[in-house]
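The next block is data_22.txt, given as compact mmCIF, C-alpha atoms and all ligand atoms.
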# COMPACT_ATOMS: atom_id res chain seq x y z
CA MET A 1 0.00 0.00 0.00
CA THR A 2 1.41 3.41 -0.91
CA VAL A 3 1.03 6.05 1.74
CA GLU A 4 0.31 9.53 0.51
CA PRO A 5 2.69 12.10 1.93
CA VAL A 6 1.09 14.73 4.12
CA ASP A 7 1.88 18.31 3.28
CA PRO A 8 2.05 20.06 6.65
CA ALA A 9 1.49 23.45 5.08
CA VAL A 10 -1.85 22.36 3.56
CA PHE A 11 -2.76 20.59 6.78
CA SER A 12 -2.09 23.53 9.03
CA THR A 13 -3.73 26.22 6.92
CA SER A 14 -6.99 24.42 6.18
CA SER A 15 -7.69 22.97 9.59
CA ASN A 16 -8.51 24.01 13.13
CA ALA A 17 -7.53 20.61 14.52
CA LEU A 18 -5.56 20.75 17.76
CA VAL A 19 -2.62 18.94 16.16
CA THR A 20 -2.03 21.81 13.73
CA GLN A 21 -1.02 24.05 16.65
CA PHE A 22 2.07 21.92 17.14
CA LEU A 23 2.88 20.15 13.87
CA THR A 24 5.46 22.46 12.35
CA PRO A 25 6.99 21.51 8.99
CA ALA A 26 10.31 20.84 10.76
CA LEU A 27 8.71 18.49 13.30
CA PHE A 28 6.73 16.78 10.56
CA GLU A 29 9.88 16.18 8.57
CA ARG A 30 11.79 14.87 11.59
CA LEU A 31 9.07 12.37 12.56
CA SER A 32 8.14 11.35 9.02
CA CYS A 33 10.93 8.82 8.65
CA LEU A 34 9.83 6.86 11.73
CA LYS A 35 7.70 3.73 11.75
CA THR A 36 6.34 1.74 14.70
CA ALA A 37 6.77 -2.04 14.94
CA SER A 38 3.24 -2.48 13.54
CA GLY A 39 4.16 -0.25 10.57
CA PHE A 40 2.37 2.95 11.61
CA THR A 41 3.69 6.31 10.41
CA LEU A 42 3.00 9.97 11.15
CA ALA A 43 1.34 10.27 7.72
CA GLY A 44 -1.19 7.61 8.81
CA ALA A 45 -1.63 9.29 12.19
CA VAL A 46 -2.66 12.66 10.74
CA ARG A 47 -4.47 11.49 7.60
CA SER A 48 -7.94 11.87 9.10
CA GLY A 49 -7.17 15.33 10.42
CA GLN A 50 -5.76 16.35 7.09
CA GLN A 51 -8.76 15.06 5.12
CA ASN A 52 -11.27 16.51 7.57
CA PRO A 53 -10.44 20.14 8.36
CA ASP A 54 -13.24 20.15 10.96
CA SER A 55 -11.47 17.50 13.07
CA SER A 56 -11.10 18.60 16.66
CA ILE A 57 -7.89 16.69 17.49
CA GLY A 58 -6.61 15.51 14.10
CA ILE A 59 -4.19 12.78 15.13
CA TYR A 60 -4.68 9.09 15.99
CA ALA A 61 -2.33 6.46 17.40
CA GLY A 62 -2.00 3.26 15.37
CA ASP A 63 -0.63 1.33 18.33
CA ALA A 64 0.66 1.89 21.86
CA GLN A 65 4.16 2.61 20.53
CA SER A 66 2.86 5.60 18.53
CA TYR A 67 2.61 7.56 21.78
CA SER A 68 6.32 7.12 22.52
CA LEU A 69 7.75 7.16 18.98
CA PHE A 70 5.78 10.29 18.02
CA LYS A 71 5.94 11.73 21.53
CA GLU A 72 7.04 15.15 20.27
CA ILE A 73 3.66 15.65 18.62
CA PHE A 74 1.41 13.56 20.91
CA ASP A 75 2.63 15.10 24.19
CA PRO A 76 1.62 18.73 23.47
CA VAL A 77 -1.72 17.55 22.04
CA ILE A 78 -2.34 15.48 25.20
CA ARG A 79 -1.30 18.33 27.52
CA THR A 80 -3.57 20.80 25.76
CA TYR A 81 -6.63 18.56 25.39
CA HIS A 82 -6.53 17.33 29.00
CA GLU A 83 -5.49 20.78 30.29
CA LEU A 84 -2.36 19.52 32.01
CA THR A 85 0.07 22.21 33.03
CA GLY A 86 3.06 20.16 34.12
CA GLU A 87 4.07 16.58 33.47
CA ILE A 88 1.62 14.09 32.01
CA ARG A 89 0.56 12.05 35.03
CA HIS A 90 -2.21 9.47 34.99
CA VAL A 91 -4.34 9.36 38.13
CA SER A 92 -6.75 6.54 38.90
CA ASP A 93 -9.01 5.52 41.74
CA PHE A 94 -8.62 1.90 40.77
CA LYS A 95 -5.81 0.00 42.48
CA LYS A 96 -2.86 2.38 42.80
CA GLY A 97 0.21 1.83 40.66
CA SER A 98 -1.40 -1.02 38.79
CA HIS A 99 -3.69 -1.58 35.85
CA GLN A 100 -4.35 -5.18 36.76
CA GLY A 101 -7.63 -5.45 38.63
CA SER A 102 -9.18 -2.71 40.71
CA GLY A 103 -9.23 -4.55 44.03
CA ARG A 104 -10.92 -1.48 45.49
CA MET A 105 -14.57 -2.04 44.70
CA ASP A 106 -15.76 -1.64 48.30
CA ARG A 107 -14.01 1.69 48.74
CA LEU A 108 -15.17 2.99 45.37
CA GLN A 109 -18.77 2.15 46.16
CA THR A 110 -18.73 3.85 49.55
CA GLU A 111 -16.97 6.91 48.09
CA LEU A 112 -19.92 7.68 45.87
CA ALA A 113 -22.63 6.56 48.30
CA ASP A 114 -23.46 10.18 49.19
CA LEU A 115 -24.17 11.25 45.60
CA PRO A 116 -27.93 11.70 45.23
CA ASP A 117 -29.81 10.94 42.02
CA LEU A 118 -29.51 14.17 40.00
CA ASP A 119 -33.14 14.18 38.91
CA PRO A 120 -35.36 11.80 40.88
CA ALA A 121 -38.52 13.35 39.38
CA ARG A 122 -37.15 12.60 35.87
CA GLN A 123 -37.86 16.10 34.59
CA TYR A 124 -34.57 16.73 32.83
CA ILE A 125 -32.31 13.67 32.66
CA LEU A 126 -33.24 10.96 30.20
CA SER A 127 -30.26 8.73 30.87
CA SER A 128 -26.82 8.54 32.48
CA ARG A 129 -23.95 6.74 30.78
CA VAL A 130 -20.37 5.99 31.80
CA ARG A 131 -17.99 4.34 29.38
CA VAL A 132 -14.31 3.60 29.17
CA ALA A 133 -12.24 2.88 26.07
CA ARG A 134 -9.77 -0.01 26.27
CA SER A 135 -7.33 -1.49 23.76
CA LEU A 136 -5.61 -4.84 24.03
CA ALA A 137 -1.88 -4.65 24.77
CA ASP A 138 -0.88 -7.24 22.16
CA PHE A 139 -2.58 -5.80 19.09
CA ALA A 140 -2.25 -2.70 16.91
CA PHE A 141 -5.01 -0.16 17.59
CA THR A 142 -8.05 0.14 15.32
CA PRO A 143 -6.43 2.53 12.76
CA ASN A 144 -3.69 -0.01 12.03
CA ILE A 145 -4.94 -3.47 13.05
CA ARG A 146 -4.86 -6.20 10.37
CA ALA A 147 -8.04 -8.13 9.53
CA LYS A 148 -6.75 -11.41 11.00
CA ASP A 149 -5.64 -9.71 14.21
CA ARG A 150 -8.99 -7.96 14.47
CA GLN A 151 -10.66 -11.37 14.42
CA ASN A 152 -8.26 -12.82 16.98
CA ALA A 153 -8.74 -9.83 19.27
CA ALA A 154 -12.55 -10.12 18.97
CA HIS A 155 -12.27 -13.80 19.88
CA GLN A 156 -10.18 -13.06 22.99
CA ILE A 157 -12.61 -10.36 24.05
CA GLN A 158 -15.62 -12.68 23.63
CA GLN A 159 -13.92 -15.32 25.77
CA ALA A 160 -13.28 -12.78 28.52
CA LEU A 161 -16.86 -11.48 28.37
CA ALA A 162 -18.19 -15.01 28.75
CA THR A 163 -16.64 -15.17 32.24
CA LEU A 164 -18.38 -12.07 33.64
CA PRO A 165 -20.36 -12.55 36.87
CA ALA A 166 -24.14 -12.90 37.01
CA PRO A 167 -25.19 -9.23 37.13
CA LEU A 168 -23.20 -8.55 33.96
CA GLN A 169 -24.08 -11.67 32.02
CA GLY A 170 -25.36 -11.08 28.53
CA GLN A 171 -25.11 -12.20 24.95
CA TYR A 172 -22.60 -11.45 22.20
CA PHE A 173 -24.18 -10.21 18.96
CA PRO A 174 -21.71 -10.55 16.06
CA MET A 175 -22.20 -7.94 13.36
CA ASP A 176 -20.27 -9.72 10.58
CA ARG A 177 -23.15 -10.73 8.37
CA LEU A 178 -25.54 -7.87 9.09
CA THR A 179 -26.88 -5.75 6.22
CA PRO A 180 -26.76 -1.95 6.60
CA GLU A 181 -30.52 -1.99 7.31
CA GLN A 182 -30.12 -4.67 10.00
CA ILE A 183 -27.33 -2.64 11.57
CA ILE A 184 -29.59 0.39 11.88
CA THR A 185 -32.38 -1.68 13.45
CA GLN A 186 -30.08 -3.51 15.83
CA ALA A 187 -28.20 -0.33 16.79
CA ALA A 188 -31.54 1.11 17.94
CA ALA A 189 -32.04 -2.02 20.04
CA GLY A 190 -28.50 -1.78 21.51
CA THR A 191 -27.13 -4.92 19.84
CA ALA A 192 -25.02 -3.26 17.11
CA PHE A 193 -23.30 0.07 16.54
CA PRO A 194 -23.37 2.30 13.46
CA PRO A 195 -20.63 2.15 10.79
CA GLY A 196 -18.61 5.12 12.04
CA ASP A 197 -18.13 8.60 10.65
CA ARG A 198 -15.81 10.11 8.01
CA PHE A 199 -13.24 10.95 10.72
CA GLN A 200 -12.95 7.29 11.69
CA ALA A 201 -13.09 6.16 8.04
CA ALA A 202 -10.16 8.40 7.05
CA ALA A 203 -8.20 7.16 10.07
CA GLY A 204 -8.60 3.55 8.87
CA ILE A 205 -10.77 2.59 11.85
CA THR A 206 -13.77 1.42 9.83
CA ARG A 207 -11.78 -0.81 7.43
CA GLY A 208 -13.59 -4.11 6.84
CA PHE A 209 -16.71 -3.00 8.75
CA PRO A 210 -18.74 -4.89 9.98
CA ASN A 211 -16.32 -7.84 10.01
CA ALA A 212 -15.18 -8.89 13.48
CA ARG A 213 -17.36 -6.21 15.03
CA GLY A 214 -19.96 -7.02 17.63
CA VAL A 215 -21.82 -5.95 20.73
CA TYR A 216 -22.06 -7.77 24.04
CA ALA A 217 -25.28 -6.69 25.71
CA CYS A 218 -27.00 -7.46 28.99
CA PRO A 219 -30.77 -7.83 28.96
CA GLY A 220 -32.21 -4.39 29.71
CA GLY A 221 -29.22 -2.64 28.12
CA ARG A 222 -27.62 -1.46 31.38
CA PHE A 223 -24.24 -2.97 30.48
CA SER A 224 -22.74 -3.44 27.03
CA VAL A 225 -19.40 -3.72 25.28
CA TRP A 226 -18.77 -2.53 21.74
CA VAL A 227 -16.04 -4.56 20.05
CA HIS A 228 -13.88 -2.83 17.41
CA GLU A 229 -15.80 0.41 17.17
CA GLU A 230 -13.32 3.31 17.69
CA ASP A 231 -11.25 1.15 20.04
CA HIS A 232 -10.97 -2.59 20.64
CA LEU A 233 -13.44 -2.22 23.51
CA ARG A 234 -15.89 0.41 24.59
CA ILE A 235 -17.22 -0.75 27.96
CA ILE A 236 -20.51 1.01 28.59
CA CYS A 237 -23.00 1.31 31.46
CA LEU A 238 -26.26 3.10 30.83
CA GLU A 239 -29.37 3.71 32.91
CA ASN A 240 -32.52 5.69 32.30
CA THR A 241 -32.03 7.53 35.59
CA GLY A 242 -29.89 10.33 36.99
CA SER A 243 -28.00 8.00 39.31
CA LEU A 244 -24.35 8.40 38.35
CA SER A 245 -23.14 6.32 41.30
CA SER A 246 -25.21 3.31 40.30
CA VAL A 247 -23.98 3.50 36.69
CA PHE A 248 -20.36 3.97 37.74
CA ASN A 249 -20.44 1.13 40.26
CA ARG A 250 -21.61 -1.30 37.61
CA LEU A 251 -18.76 -0.18 35.34
CA ALA A 252 -16.24 -0.61 38.18
CA LEU A 253 -17.50 -4.16 38.71
CA ALA A 254 -17.06 -4.96 35.01
CA LEU A 255 -13.56 -3.46 34.94
CA ASP A 256 -12.61 -5.38 38.04
CA HIS A 257 -13.26 -8.60 36.13
CA LEU A 258 -12.05 -7.62 32.68
CA THR A 259 -8.69 -6.34 33.90
CA GLN A 260 -8.07 -9.81 35.29
CA THR A 261 -8.86 -11.58 32.03
CA LEU A 262 -7.51 -9.15 29.40
CA ALA A 263 -4.19 -7.27 29.20
CA PHE A 264 -4.90 -3.68 28.24
CA ALA A 265 -2.49 -1.19 26.62
CA TRP A 266 -1.31 0.96 29.51
CA ASP A 267 1.49 3.34 30.40
CA PRO A 268 2.39 4.58 33.90
CA CYS A 269 2.28 8.26 32.84
CA MET A 270 -0.45 8.17 30.20
CA GLY A 271 -2.72 5.50 31.69
CA PHE A 272 -4.86 3.43 29.32
CA LEU A 273 -3.85 3.99 25.70
CA ASN A 274 -6.33 4.10 22.84
CA ALA A 275 -6.61 5.36 19.26
CA CYS A 276 -7.48 8.99 20.00
CA PRO A 277 -5.31 10.99 22.43
CA SER A 278 -8.49 12.43 23.96
CA ASN A 279 -9.31 8.88 25.11
CA ILE A 280 -6.31 8.00 27.24
CA GLY A 281 -5.64 8.09 30.99
CA THR A 282 -8.86 6.92 32.63
CA ALA A 283 -10.29 6.89 29.07
CA MET A 284 -13.61 7.47 30.82
CA ARG A 285 -16.48 9.58 29.55
CA ALA A 286 -19.33 9.97 31.99
CA GLY A 287 -22.35 11.92 30.86
CA VAL A 288 -26.06 12.44 30.79
CA HIS A 289 -28.66 12.94 28.10
CA ILE A 290 -30.50 15.95 29.44
CA ARG A 291 -33.42 17.97 28.08
CA LEU A 292 -32.84 21.71 28.52
CA PRO A 293 -35.45 23.70 26.56
CA ASN A 294 -34.70 26.98 28.35
CA LEU A 295 -30.91 26.76 28.11
CA ASP A 296 -31.32 25.72 24.49
CA GLN A 297 -32.44 29.32 23.93
CA ARG A 298 -29.40 30.62 25.83
CA PRO A 299 -26.44 28.90 24.15
CA ASP A 300 -23.87 31.32 25.57
CA LEU A 301 -25.02 30.69 29.12
CA LEU A 302 -25.02 26.92 28.62
CA ARG A 303 -21.55 27.03 27.05
CA GLN A 304 -20.29 29.09 29.99
CA LEU A 305 -21.73 26.65 32.56
CA VAL A 306 -20.24 23.71 30.70
CA ARG A 307 -16.82 25.39 30.51
CA ASP A 308 -16.87 26.40 34.19
CA HIS A 309 -17.42 22.80 35.23
CA GLY A 310 -14.88 21.21 32.86
CA LEU A 311 -17.59 19.55 30.79
CA GLN A 312 -18.32 19.21 27.06
CA ILE A 313 -21.47 19.09 24.94
CA ARG A 314 -22.19 16.55 22.23
CA GLY A 315 -25.24 16.09 20.03
CA THR A 316 -28.13 13.75 20.78
CA ALA A 317 -26.89 10.94 18.52
CA GLY A 318 -23.25 11.24 19.63
CA GLU A 319 -20.08 13.12 18.80
CA LYS A 320 -20.37 15.58 15.89
CA THR A 321 -24.14 15.17 15.60
CA ALA A 322 -26.81 17.84 16.08
CA VAL A 323 -28.74 18.50 19.27
CA SER A 324 -32.34 17.52 18.62
CA GLY A 325 -35.35 18.31 20.78
CA ALA A 326 -33.08 20.27 23.18
CA VAL A 327 -31.56 16.95 24.36
CA PHE A 328 -27.85 17.50 25.05
CA ASP A 329 -25.16 14.95 25.83
CA ILE A 330 -23.10 16.61 28.58
CA SER A 331 -20.03 14.81 29.89
CA ASN A 332 -16.54 15.28 31.32
CA LYS A 333 -14.02 16.66 28.83
CA LYS A 334 -10.72 15.64 30.41
CA ARG A 335 -9.97 11.98 30.90
CA LEU A 336 -6.33 12.10 32.01
CA GLY A 337 -4.82 13.56 35.19
CA ILE A 338 -7.99 13.22 37.29
CA GLY A 339 -9.25 10.06 39.01
CA GLU A 340 -12.53 8.40 38.10
CA ILE A 341 -14.24 9.37 41.37
CA GLN A 342 -13.36 13.04 40.92
CA LEU A 343 -14.59 12.95 37.32
CA ILE A 344 -17.97 11.61 38.49
CA ARG A 345 -18.14 14.14 41.34
CA SER A 346 -17.41 17.14 39.13
CA LEU A 347 -19.91 15.92 36.53
CA HIS A 348 -22.48 15.66 39.33
CA THR A 349 -21.74 19.19 40.54
CA GLY A 350 -21.85 20.58 37.01
CA ILE A 351 -25.11 18.88 36.03
CA ALA A 352 -26.74 19.95 39.31
CA ALA A 353 -25.76 23.58 38.53
CA ILE A 354 -27.08 23.26 34.97
CA ILE A 355 -30.42 21.87 36.20
CA GLU A 356 -30.68 24.69 38.75
CA THR A 357 -30.07 27.31 36.04
CA GLU A 358 -32.56 25.62 33.70
CA LYS A 359 -35.22 25.70 36.45
CA ASN A 360 -34.64 29.39 37.12
CA LEU A 361 -34.95 30.48 33.51
CA SER A 362 -38.39 31.40 32.30
CA PRO A 363 -39.76 29.05 29.66
CA PRO A 364 -39.03 30.04 26.06
CA GLY A 365 -41.73 32.51 25.03
CA PRO A 366 -43.03 33.40 21.58
CA GLY A 367 -40.09 35.85 21.14
CA CYS A 368 -39.99 39.64 20.90
CA PRO A 369 -42.13 41.24 18.28
CA GLY A 370 -40.04 42.80 15.52
CA PRO A 371 -39.50 46.56 15.28
P1 LIG B 1 -18.51 7.65 23.01
O1 LIG B 1 -17.46 7.91 21.99
O2 LIG B 1 -18.21 8.19 24.35
O3 LIG B 1 -18.93 6.22 23.08
P2 LIG B 1 -20.37 8.95 21.17
O4 LIG B 1 -20.51 10.43 21.22
O5 LIG B 1 -19.58 8.35 20.06
O6 LIG B 1 -19.81 8.48 22.58
O7 LIG B 1 -21.80 8.30 21.21
C1 LIG B 1 -22.00 6.93 21.13
C2 LIG B 1 -23.47 6.60 21.31
O8 LIG B 1 -23.81 6.72 22.69
C3 LIG B 1 -24.41 7.53 20.56
O9 LIG B 1 -25.43 6.74 19.99
C4 LIG B 1 -24.97 8.42 21.65
O10 LIG B 1 -26.26 8.90 21.36
C5 LIG B 1 -25.00 7.46 22.83
N1 LIG B 1 -24.97 8.16 24.13
C6 LIG B 1 -24.01 8.95 24.62
N2 LIG B 1 -24.33 9.42 25.84
C7 LIG B 1 -25.53 8.90 26.14
C8 LIG B 1 -26.42 9.00 27.26
N3 LIG B 1 -26.13 9.72 28.34
N4 LIG B 1 -27.59 8.32 27.18
C9 LIG B 1 -27.92 7.58 26.11
N5 LIG B 1 -27.12 7.43 25.04
C10 LIG B 1 -25.95 8.08 25.04
MG MG B 2 -17.62 7.73 19.88

Using structure tokens, write down the structure that the file contains.
Amino acid sequence: MTVEPVDPAVFSTSSNALVTQFLTPALFERLSCLKTASGFTLAGAVRSGQQNPDSSIGIYAGDAQSYSLFKEIFDPVIRTYHELTGEIRHVSDFKKGSHQGSGRMDRLQTELADLPDLDPARQYILSSRVRVARSLADFAFTPNIRAKDRQNAAHQIQQALATLPAPLQGQYFPMDRLTPEQIITQAAAGTAFPPGDRFQAAAGITRGFPNARGVYACPGGRFSVWVHEEDHLRIICLENTGSLSSVFNRLALALDHLTQTLAFAWDPCMGFLNACPSNIGTAMRAGVHIRLPNLDQRPDLLRQLVRDHGLQIRGTAGEKTAVSGAVFDISNKKRLGIGEIQLIRSLHTGIAAIIETEKNLSPPGPGCPGP
């Protein structure tokens, strides 16, 4: 396969991606001759960002080694995205100094016991979701994995999932032979995921879709695992309530088991490593789907609240989609340098403040009459 050279001048002038702030022509030239053991190059890493000027980050890792080999470009991107001022330092509330098993379930559960349901009357929050991204240590990441390895990785993951304890037991739904129509229907039912967007396609993540893809789902949909979506695993807990502690505790239980059966890509400074540098460290995104008709009319105020609490907004159907029916996906932005418990606590504080503001705003009226 011939790899098209990336012209850093074109890349940096046509794009607002974070990577363009740091990828000078000199740095590009210096790193361009390097190749990881799985054959990943800087040209491959920035291809999606280059082809999609509206990328927010613009660089992907093709394997764990990308983060060290291309450190000169990944480190400033990581520092900026996760708002780290000094050294890059992964913090976790799971077992200290180790990525093998949490061993701290009891403490984690009691630490969040005081967090009340954010919306017991179910006026605003439609659902709460906490997910982590994980990649297997022994395989290239999704942008650079080979078809055979993708199958082997999916097989290992299925074996590990089959050993989960009773509250997390579910069924694996392979996507290999699904038609595009079946994928849409099953995605709505939580037993498949959509084909991925143009950002993922240009990064090489969606190659061969839907081969070796699949979803492990518990009855009721409160626990699921997406296999070979943007990362090898997306481990997801979801509830139609505002109870972040309940959702997080189920995720902690799943991680406790899966870290004992699977070896994840991990680094002492950068934490869990995955394809996108925004998804490293805890690699955790905790958020709610929340209906905010009043704040929908006050976008500046909502943006300010979100910024003040270190959160981010996504559209109703996920990243880079539109907000429909005033239903926002609001979640933590940073995933590295803060422990999981703190991430949940600051999300809780931020969402409580947003609900309070929403309540205090008068309902959207018919608007001012024109002059
Ligand atoms: P991530 O990359 O964190 O998995 P995405 O933005 O790619 O998240 O969205 C993946 C899917 O998860 C989308 O279908 C989105 O609508 C859904 N989703 C995200 N947050 C929630 C939530 N709080 N409740 C229900 N669905 C959610
Ligand atoms: Mg996603």

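With all atoms listed in the file as the atoms that count, the minimum distance from ligand MG 2 (chain B) to the choices A:Arg234, A:His348, A:Arg146, A:Arg198 is reached by A:Arg234.
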
Legend entry - Pick from A:Thr20, A:Ser331, A:Ser278, A:Thr321 nearest to A:Asp197, counting only C-alpha atoms: A:Thr321

Inset, instruction - Give the answer as one residue: which of A:Cys218, A:Ala140, A:Leu126, A:Leu164 has the shortest atom-to-atom distance to ligand LIG 1 (chain B), using all atoms listed in the file? - result: A:Leu126

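The interatomic distance for the pair atom CA of A:Arg129 and atom CA of A:Ile183 works out to 21.6 Å.
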
Inset, instruction - Measuring atom to atom with all atoms listed in the file, identify which of A:His309, A:Phe22, A:Lys333, A:Gln169 is nearest to A:Ala254. - result: A:Gln169

7 Å shell around ligand MG 2 (chain B) using all atoms listed in the file, listed as a short mmCIF file (atom, residue, chain, number, x, y, z; two decimals) with C-alpha atoms, in the coordinates of the input:
data_model
loop_
_atom_site.label_atom_id
_atom_site.label_comp_id
_atom_site.auth_asym_id
_atom_site.auth_seq_id
_atom_site.Cartn_x
_atom_site.Cartn_y
_atom_site.Cartn_z
CA GLU A 230 -13.32 3.31 17.69
CA GLY A 318 -23.25 11.24 19.63
CA GLU A 319 -20.08 13.12 18.80
#

Legend entry - Close residues to ligand LIG 1 (chain B) using all atoms listed in the file, limit 10 Å, as a ChimeraX atom specification: /A:125-133,187-188,190,193-194,196-197,226,229-231,234-242,279,283-290,313-321,327-331

Legend entry - Which of A:Lys35, A:Arg47, A:His228, A:His90 sits closest to A:Ala17 [using only C-alpha atoms]: A:Arg47

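Proximity ranking of A:Gly271, A:Pro165, A:Pro363, A:Gly221 relative to A:Val247 places A:Gly221 first, based on all atoms listed in the file.
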
Inset, instruction - Skip A:Phe70 itself and residues of its chain fewer than 6 positions away, then list as a PyMOL selection string all residues within 10 Å of it, counting only C-alpha atoms. - result: chain A and resi 27-28+30-32+34-36+41-42+45+61

Write out, as a CSV table (one decimal), in the coordinates of the input, the residues just selected, with C-alpha atoms.
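For reference, out_2.csv as written:
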chain,number,residue,atom,x,y,z
A,27,LEU,CA,8.7,18.5,13.3
A,28,PHE,CA,6.7,16.8,10.6
A,30,ARG,CA,11.8,14.9,11.6
A,31,LEU,CA,9.1,12.4,12.6
A,32,SER,CA,8.1,11.4,9.0
A,34,LEU,CA,9.8,6.9,11.7
A,35,LYS,CA,7.7,3.7,11.8
A,36,THR,CA,6.3,1.7,14.7
A,41,THR,CA,3.7,6.3,10.4
A,42,LEU,CA,3.0,10.0,11.2
A,45,ALA,CA,-1.6,9.3,12.2
A,61,ALA,CA,-2.3,6.5,17.4

Legend entry - Residue contacts of A:Asn274 (12 Å, only C-alpha atoms) excluding same-chain residues fewer than 5 positions away, as number ranges by chain: A: 59-67, 132-137, 139-144, 205, 228-234, 264-267, 279-284, 335

Inset, instruction - Fewer than 6 positions away in the same chain doesn't count, so skip those; otherwise give me all residues within 10 Å of A:Gly208, counting only C-alpha atoms, as an NGL selection string. - result: :A and (146-147 or 150 or 176)

Show which residues sit within 10 Å of stretch 304-308 of chain A, as a compact mmCIF listing (two decimals) with C-alpha atoms, keeping the file's coordinate frame. Count only C-alpha atoms, and ignore same-chain residues fewer than 6 positions away.
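Okay, selection-v3.txt is ready:
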# COMPACT_ATOMS: atom_id res chain seq x y z
CA ILE A 330 -23.10 16.61 28.58
CA SER A 331 -20.03 14.81 29.89
CA ASN A 332 -16.54 15.28 31.32
CA LYS A 333 -14.02 16.66 28.83
CA LEU A 347 -19.91 15.92 36.53
CA GLY A 350 -21.85 20.58 37.01
CA ILE A 351 -25.11 18.88 36.03
CA ALA A 353 -25.76 23.58 38.53
CA ILE A 354 -27.08 23.26 34.97
CA THR A 357 -30.07 27.31 36.04

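In this model, the gap between atom CA of A:Thr24 and atom CA of A:Gly337 comes to 26.6 Å.
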
Would you mind completing stretch 292-307 of chain A so that it carries N, CA and C atoms, and writing it out as a PDB file, in the frame of the given file?
ATOM      1  N   LEU A 292     -32.990  20.353  27.976  1.00  0.00           N
ATOM      2  CA  LEU A 292     -32.840  21.710  28.520  1.00  0.00           C
ATOM      3  C   LEU A 292     -33.474  22.727  27.570  1.00  0.00           C
ATOM      4  N   PRO A 293     -34.820  22.785  27.528  1.00  0.00           N
ATOM      5  CA  PRO A 293     -35.450  23.700  26.560  1.00  0.00           C
ATOM      6  C   PRO A 293     -35.129  25.161  26.815  1.00  0.00           C
ATOM      7  N   ASN A 294     -34.983  25.557  28.074  1.00  0.00           N
ATOM      8  CA  ASN A 294     -34.700  26.980  28.350  1.00  0.00           C
ATOM      9  C   ASN A 294     -33.252  27.323  27.993  1.00  0.00           C
ATOM     10  N   LEU A 295     -32.325  26.490  28.431  1.00  0.00           N
ATOM     11  CA  LEU A 295     -30.910  26.760  28.110  1.00  0.00           C
ATOM     12  C   LEU A 295     -30.632  26.618  26.619  1.00  0.00           C
ATOM     13  N   ASP A 296     -31.459  25.855  25.936  1.00  0.00           N
ATOM     14  CA  ASP A 296     -31.320  25.720  24.490  1.00  0.00           C
ATOM     15  C   ASP A 296     -31.465  27.088  23.804  1.00  0.00           C
ATOM     16  N   GLN A 297     -32.251  27.961  24.461  1.00  0.00           N
ATOM     17  CA  GLN A 297     -32.440  29.320  23.930  1.00  0.00           C
ATOM     18  C   GLN A 297     -31.331  30.261  24.374  1.00  0.00           C
ATOM     19  N   ARG A 298     -30.477  29.777  25.289  1.00  0.00           N
ATOM     20  CA  ARG A 298     -29.400  30.620  25.830  1.00  0.00           C
ATOM     21  C   ARG A 298     -28.055  29.929  25.656  1.00  0.00           C
ATOM     22  N   PRO A 299     -27.653  29.698  24.400  1.00  0.00           N
ATOM     23  CA  PRO A 299     -26.440  28.900  24.150  1.00  0.00           C
ATOM     24  C   PRO A 299     -25.189  29.436  24.831  1.00  0.00           C
ATOM     25  N   ASP A 300     -25.074  30.774  24.933  1.00  0.00           N
ATOM     26  CA  ASP A 300     -23.870  31.320  25.570  1.00  0.00           C
ATOM     27  C   ASP A 300     -23.812  30.951  27.038  1.00  0.00           C
ATOM     28  N   LEU A 301     -24.968  31.033  27.699  1.00  0.00           N
ATOM     29  CA  LEU A 301     -25.020  30.690  29.120  1.00  0.00           C
ATOM     30  C   LEU A 301     -24.707  29.212  29.335  1.00  0.00           C
ATOM     31  N   LEU A 302     -25.282  28.354  28.488  1.00  0.00           N
ATOM     32  CA  LEU A 302     -25.020  26.920  28.620  1.00  0.00           C
ATOM     33  C   LEU A 302     -23.537  26.624  28.378  1.00  0.00           C
ATOM     34  N   ARG A 303     -22.984  27.242  27.346  1.00  0.00           N
ATOM     35  CA  ARG A 303     -21.550  27.030  27.050  1.00  0.00           C
ATOM     36  C   ARG A 303     -20.685  27.452  28.226  1.00  0.00           C
ATOM     37  N   GLN A 304     -21.065  28.582  28.849  1.00  0.00           N
ATOM     38  CA  GLN A 304     -20.290  29.090  29.990  1.00  0.00           C
ATOM     39  C   GLN A 304     -20.349  28.104  31.167  1.00  0.00           C
ATOM     40  N   LEU A 305     -21.558  27.610  31.463  1.00  0.00           N
ATOM     41  CA  LEU A 305     -21.730  26.650  32.560  1.00  0.00           C
ATOM     42  C   LEU A 305     -20.893  25.390  32.309  1.00  0.00           C
ATOM     43  N   VAL A 306     -20.954  24.920  31.073  1.00  0.00           N
ATOM     44  CA  VAL A 306     -20.240  23.710  30.700  1.00  0.00           C
ATOM     45  C   VAL A 306     -18.730  23.918  30.864  1.00  0.00           C
ATOM     46  N   ARG A 307     -18.258  25.071  30.400  1.00  0.00           N
ATOM     47  CA  ARG A 307     -16.820  25.390  30.510  1.00  0.00           C
ATOM     48  C   ARG A 307     -16.399  25.492  31.979  1.00  0.00           C
TER      49      ARG A 307
END
